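Participant: Below is the structure I would like to discuss, written out as structure tokens.
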Amino acid sequence: MSPAVTLAAIEAARKLLKGQVIATPMLPAPRLSALTGAEVFVKYENLQVTNSFKDRGAYVKLARLDDTARKRGVIAMSAGNHAQAVAYHAQRLGVPATIVMPETTPFVKVASTKAFGATVVLDGETLADSQRRAEAIIAEQGLTLVHPYDDPDIVAGQGTIALEMLEAVPDLDTLVIPIGGGGLISGNAVAARGVKPDIEVVGVEATLYPAMRNAISGETRPVGGPTLAEGIAVKNVGRLTRPIIEALVSDIVLVDEAQLEQAVNAYLTLQKTMAEGAGAAGLAAMLARPERFRGKRVGLVLCGGNIDPRILASIMVRELERQSRIVSIRLTIPDRPGVLGAIATLLGEHGANILEVVHHRLFLDVPAKGAKVDVTVEARDRAHGREIVEAFAAHGYDPERIETVKAIE
């Protein structure tokens with residue numbers, strides 16, 4: 001491990017952060033406990049000013065710059081949360097900031113970064129592309145790099161979260177923490193294991209971006225692709241963070257896109273709080289491997305809440321479909337007056353709420369005097385959805401369950 005990242009360094013960072021960032025709440029989450037089978041406590045880092053934990057490391061790094069570096073300015077590459085944190089604290093401290101962001105960064109994060117007064121440069125598809133552009137700008141302008149994870153000050157700042165978590169709930173068994181480049185988990189692993197040596201620290205990566213797991217385990221899983229967890233979509237692992245993770249993190253769980261969506265939806269519907277994909281990754285790991293955490297006292301870091309509202313709306317609808325609370329059914333019907341009325345009456349008798357009806361008269365697999373109709377309805381639960389389909393079958397409509405997205409195309 002790096003001697004620059006120690007419990008003492010993290011405690012010093014905490015003193016520096018006092019009054020500069022929010023000491024966010026650490027609260028029990030009974031409904032998430034019921035969902036996962038563990039006793040869950042959530043650290044709400046989405047309540048920071050920039051809605052992510054990145055406020056901590058960014059402030060520590062910027063506050064320790066000398067006068068020359070402050071005047072020249074700083075540069076960072078980020079998919080969004082680090083960008084906003086650097087921009088916000090640079091504005092507070094009077095330091096010019098340039099942020100290089102991937103072109104795929106959600107608009108909400110780009111707009112927020114600009115709102116904090118930073119110069120934003122969009123370049124490349126991934127953080128690795130942005131890093132190359134940032135390095136070129138540093139060579140031209142002599143700016144100081146505020147790295148999102150490979151910096152002792154950044155890591156120490158992020159590690160202050162675990163100190164607060166264990167003060168609030170000293171008898172935690174496990175921390176589950178997302179991994180991108182590794183700054184968040186490495187700082188918190190040092191802090192947590194320093195305060196409580198027997199605590200387990202478990203990491204989480206998106207299945208599409210298992211870069212740290214590959215580096216540590218020797219696996220060769222492919223890395224890349226569009227993910228809901230763009231905040232941890234990192235191909236290059238940290239040189240500083242990797243050995244810390246190897247030494248102190250017991251396991252790295254991979255979570256797929258459906259599990260990330262389920263976790264984002266659970267935070268919103270059960271906890272009434274906003275989580276982006278990366279922010280919900282810890283909960284996604286508990287949903288992916290419930291037996292791994294069952295019966296334990298688990299601390300989750302809800303590390304970011306900067307999600308595009310359009311994406312969030314889509315996730316909510318998709319989760320309703322997965323739970324069969326929105327059901328789309330394709331029916332084969334005779335194309336004559338009154339049939340739609342009969343269908344509506346049948347749905348009413350079974351307590352279904354009609355959301356959408358679409359006719360298809362040109363399908364070639366039905367007679368010329370027939371048609372297909374897609375009916376999208378709201379159901380109470382999975383059993384109610386089956387009841388509706390069975391009712392259509394009993395009335396001769398040859399029902400076929402289809403994906404909601406296909407029904408509305």
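If you're wondering about the labels, chains in the structure tokens are A, B, ... by order shown, residues count from 1 in each chain, ligands from 1 in order shown.
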List as JSON lines every residue of region 227-254 of chain A that is in contact with region 122-131 of chain A, defined as an atom at most 7 Å from one of its atoms (using only C-alpha atoms), together with the nearest atom pair and the distance in Å rounded to one decimal, sorted by chain and then rising number.
Facilitator:
{"residue": "A:Val234", "atom": "CA", "partner": "A:Leu127", "partner_atom": "CA", "distance": 6.4}
{"residue": "A:Lys235", "atom": "CA", "partner": "A:Ala128", "partner_atom": "CA", "distance": 6.8}
{"residue": "A:Asn236", "atom": "CA", "partner": "A:Ala128", "partner_atom": "CA", "distance": 6.9}
Participant: Name the residues in contact with His395 (chain A) at a cut-off of 12 Å, using only C-alpha atoms, excluding same-chain residues fewer than 2 positions from it; report them as a count of residues only.
Facilitator: 17
Participant: Determine, counting only C-alpha atoms, which protein, DNA and RNA residues have an atom within 6 Å of an atom of region 56-63 of chain A; residues of the same chain fewer than 5 positions away are not included. Present the result as JSON, numbers by chain.
Facilitator: {"A": [85, 86, 89, 153, 154, 157, 158]}
Participant: Write out the residues from the selection above, keeping all heavy atoms, as a short mmCIF file (atom, residue, chain, number, x, y, z; two decimals), in the first residue's frame.
Facilitator:
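Output saved as out.cif:
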data_model
loop_
_atom_site.label_atom_id
_atom_site.label_comp_id
_atom_site.auth_asym_id
_atom_site.auth_seq_id
_atom_site.Cartn_x
_atom_site.Cartn_y
_atom_site.Cartn_z
N ALA A 85 -17.65 18.50 -8.75
CA ALA A 85 -17.01 18.79 -7.47
C ALA A 85 -15.80 19.70 -7.64
O ALA A 85 -15.62 20.67 -6.88
CB ALA A 85 -16.60 17.48 -6.79
N VAL A 86 -14.96 19.41 -8.63
CA VAL A 86 -13.80 20.27 -8.88
C VAL A 86 -14.26 21.67 -9.28
O VAL A 86 -13.73 22.68 -8.80
CB VAL A 86 -12.89 19.65 -9.96
CG1 VAL A 86 -11.79 20.63 -10.38
CG2 VAL A 86 -12.26 18.35 -9.46
N HIS A 89 -15.78 23.58 -6.07
CA HIS A 89 -14.82 24.03 -5.07
C HIS A 89 -13.77 24.97 -5.67
O HIS A 89 -13.27 25.87 -4.98
CB HIS A 89 -14.16 22.83 -4.39
CG HIS A 89 -15.10 22.11 -3.47
ND1 HIS A 89 -15.62 22.69 -2.33
CD2 HIS A 89 -15.65 20.86 -3.53
CE1 HIS A 89 -16.43 21.84 -1.73
NE2 HIS A 89 -16.46 20.72 -2.43
N ASP A 153 -4.34 12.94 -1.97
CA ASP A 153 -5.29 13.87 -1.36
C ASP A 153 -6.73 13.51 -1.69
O ASP A 153 -7.63 13.60 -0.84
CB ASP A 153 -5.01 15.30 -1.82
CG ASP A 153 -3.75 15.89 -1.20
OD1 ASP A 153 -3.42 15.49 -0.06
OD2 ASP A 153 -3.10 16.73 -1.85
N ILE A 154 -6.96 13.11 -2.94
CA ILE A 154 -8.30 12.69 -3.36
C ILE A 154 -8.73 11.46 -2.57
O ILE A 154 -9.84 11.40 -2.01
CB ILE A 154 -8.32 12.39 -4.87
CG1 ILE A 154 -8.06 13.65 -5.69
CG2 ILE A 154 -9.63 11.71 -5.27
CD1 ILE A 154 -9.19 14.66 -5.66
N GLY A 157 -9.48 12.26 1.07
CA GLY A 157 -10.75 12.95 1.21
C GLY A 157 -11.93 12.02 1.14
O GLY A 157 -12.87 12.08 1.95
N GLN A 158 -11.89 11.10 0.18
CA GLN A 158 -13.00 10.15 0.04
C GLN A 158 -13.08 9.21 1.26
O GLN A 158 -14.17 8.81 1.67
CB GLN A 158 -12.86 9.29 -1.23
CG GLN A 158 -12.36 9.96 -2.49
CD GLN A 158 -13.09 11.19 -2.97
OE1 GLN A 158 -13.71 11.90 -2.19
NE2 GLN A 158 -13.01 11.45 -4.27
#
Participant: Using DSSP assignments from the backbone, pull out every residue in region 214-257 of chain A that falls under strand (DSSP E or B) and give it to me as a list in words.
Facilitator: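 The residues of region 214-257 of chain A classed as strand (DSSP E or B) are Asp251, Ile252, Val253, Leu254 and Val255 of chain A.
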Participant: Which neighbours of Lys15 (chain A) fall inside 12 Å, counting only C-alpha atoms, when residues of the same chain fewer than 4 positions from it are skipped, and could you give them as a PyMOL selection string?
Facilitator: chain A and resi 8-11+19-21+23+56+59-60+156-157+160+163
Participant: Neighbours of region 101-111 of chain A within 12 Å (only C-alpha atoms; same-chain residues fewer than 6 positions away dropped), as a PyMOL selection string?
Facilitator: chain A and resi 50-52+75-85+87+117-134+148+225-231+233-234+276-277+304-312
Participant: Run DSSP on the backbone and grab whatever in region 203-408 of chain A lands in helix (DSSP H, G or I); send it over as a PyMOL selection string.
Facilitator: chain A and resi 211-217+230-232+241-248+257-271+281-288+290-293+309-322+339-349+382-394+404-407
Participant: May I ask for the distance between CA of Ile22 (chain A) and CA of Thr68 (chain A), given in Å to one decimal place?
Facilitator: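 Result for CA of Ile22 (chain A) versus CA of Thr68 (chain A): 28.7 Å, one decimal.
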Participant: Using only C-alpha atoms, find the one residue out of A:Gly351, A:Val377, A:Ala258, A:Tyr44 that sits nearest to Arg318 (chain A).
Facilitator: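 Of all the options, A:Ala258 lies closest to Arg318 (chain A).
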Participant: Which distance in Å separates CA of Val176 (chain A) and CA of Met316 (chain A), to one decimal?
Facilitator: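 Calculated distance between CA of Val176 (chain A) and CA of Met316 (chain A) is 24.0 Å.
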Participant: Hey, what's within 7 Å of region 32-43 of chain A if we count only C-alpha atoms and toss same-chain stuff fewer than 2 positions away? As a PyMOL selection string, please?
Facilitator: chain A and resi 24-30+45+165+286-287+290+293-302
Participant: Would you save the residues from that selection as a PDB file, in the first residue's frame, using C-alpha atoms?
Facilitator:
ATOM      1  CA  THR A  24     -24.207  13.409   5.364  1.00  0.00           C
ATOM      2  CA  PRO A  25     -26.704  11.242   7.267  1.00  0.00           C
ATOM      3  CA  MET A  26     -26.115   7.547   7.867  1.00  0.00           C
ATOM      4  CA  LEU A  27     -29.536   5.979   8.362  1.00  0.00           C
ATOM      5  CA  PRO A  28     -31.081   2.522   8.730  1.00  0.00           C
ATOM      6  CA  ALA A  29     -33.032   1.351   5.674  1.00  0.00           C
ATOM      7  CA  PRO A  30     -35.646  -1.193   6.858  1.00  0.00           C
ATOM      8  CA  GLU A  45     -23.606  11.156  -0.154  1.00  0.00           C
ATOM      9  CA  MET A 165     -20.164   5.696   8.895  1.00  0.00           C
ATOM     10  CA  MET A 286     -26.658  -7.064  -2.663  1.00  0.00           C
ATOM     11  CA  LEU A 287     -29.452  -7.841  -5.126  1.00  0.00           C
ATOM     12  CA  PRO A 290     -28.110 -11.830  -1.580  1.00  0.00           C
ATOM     13  CA  PHE A 293     -24.741 -10.505   2.618  1.00  0.00           C
ATOM     14  CA  ARG A 294     -27.725 -12.199   4.269  1.00  0.00           C
ATOM     15  CA  GLY A 295     -27.932 -11.577   8.021  1.00  0.00           C
ATOM     16  CA  LYS A 296     -25.045  -9.096   8.082  1.00  0.00           C
ATOM     17  CA  ARG A 297     -25.047  -5.443   9.104  1.00  0.00           C
ATOM     18  CA  VAL A 298     -24.137  -3.756   5.832  1.00  0.00           C
ATOM     19  CA  GLY A 299     -23.172  -0.144   5.153  1.00  0.00           C
ATOM     20  CA  LEU A 300     -23.899   1.185   1.674  1.00  0.00           C
ATOM     21  CA  VAL A 301     -22.526   4.413   0.243  1.00  0.00           C
ATOM     22  CA  LEU A 302     -25.157   6.020  -1.976  1.00  0.00           C
TER      23      LEU A 302
END
Participant: Record the distance separating CA of Glu349 (chain A) and CA of Arg382 (chain A), expressed in Å with one decimal.
Facilitator: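 So the answer is 17.5 Å.
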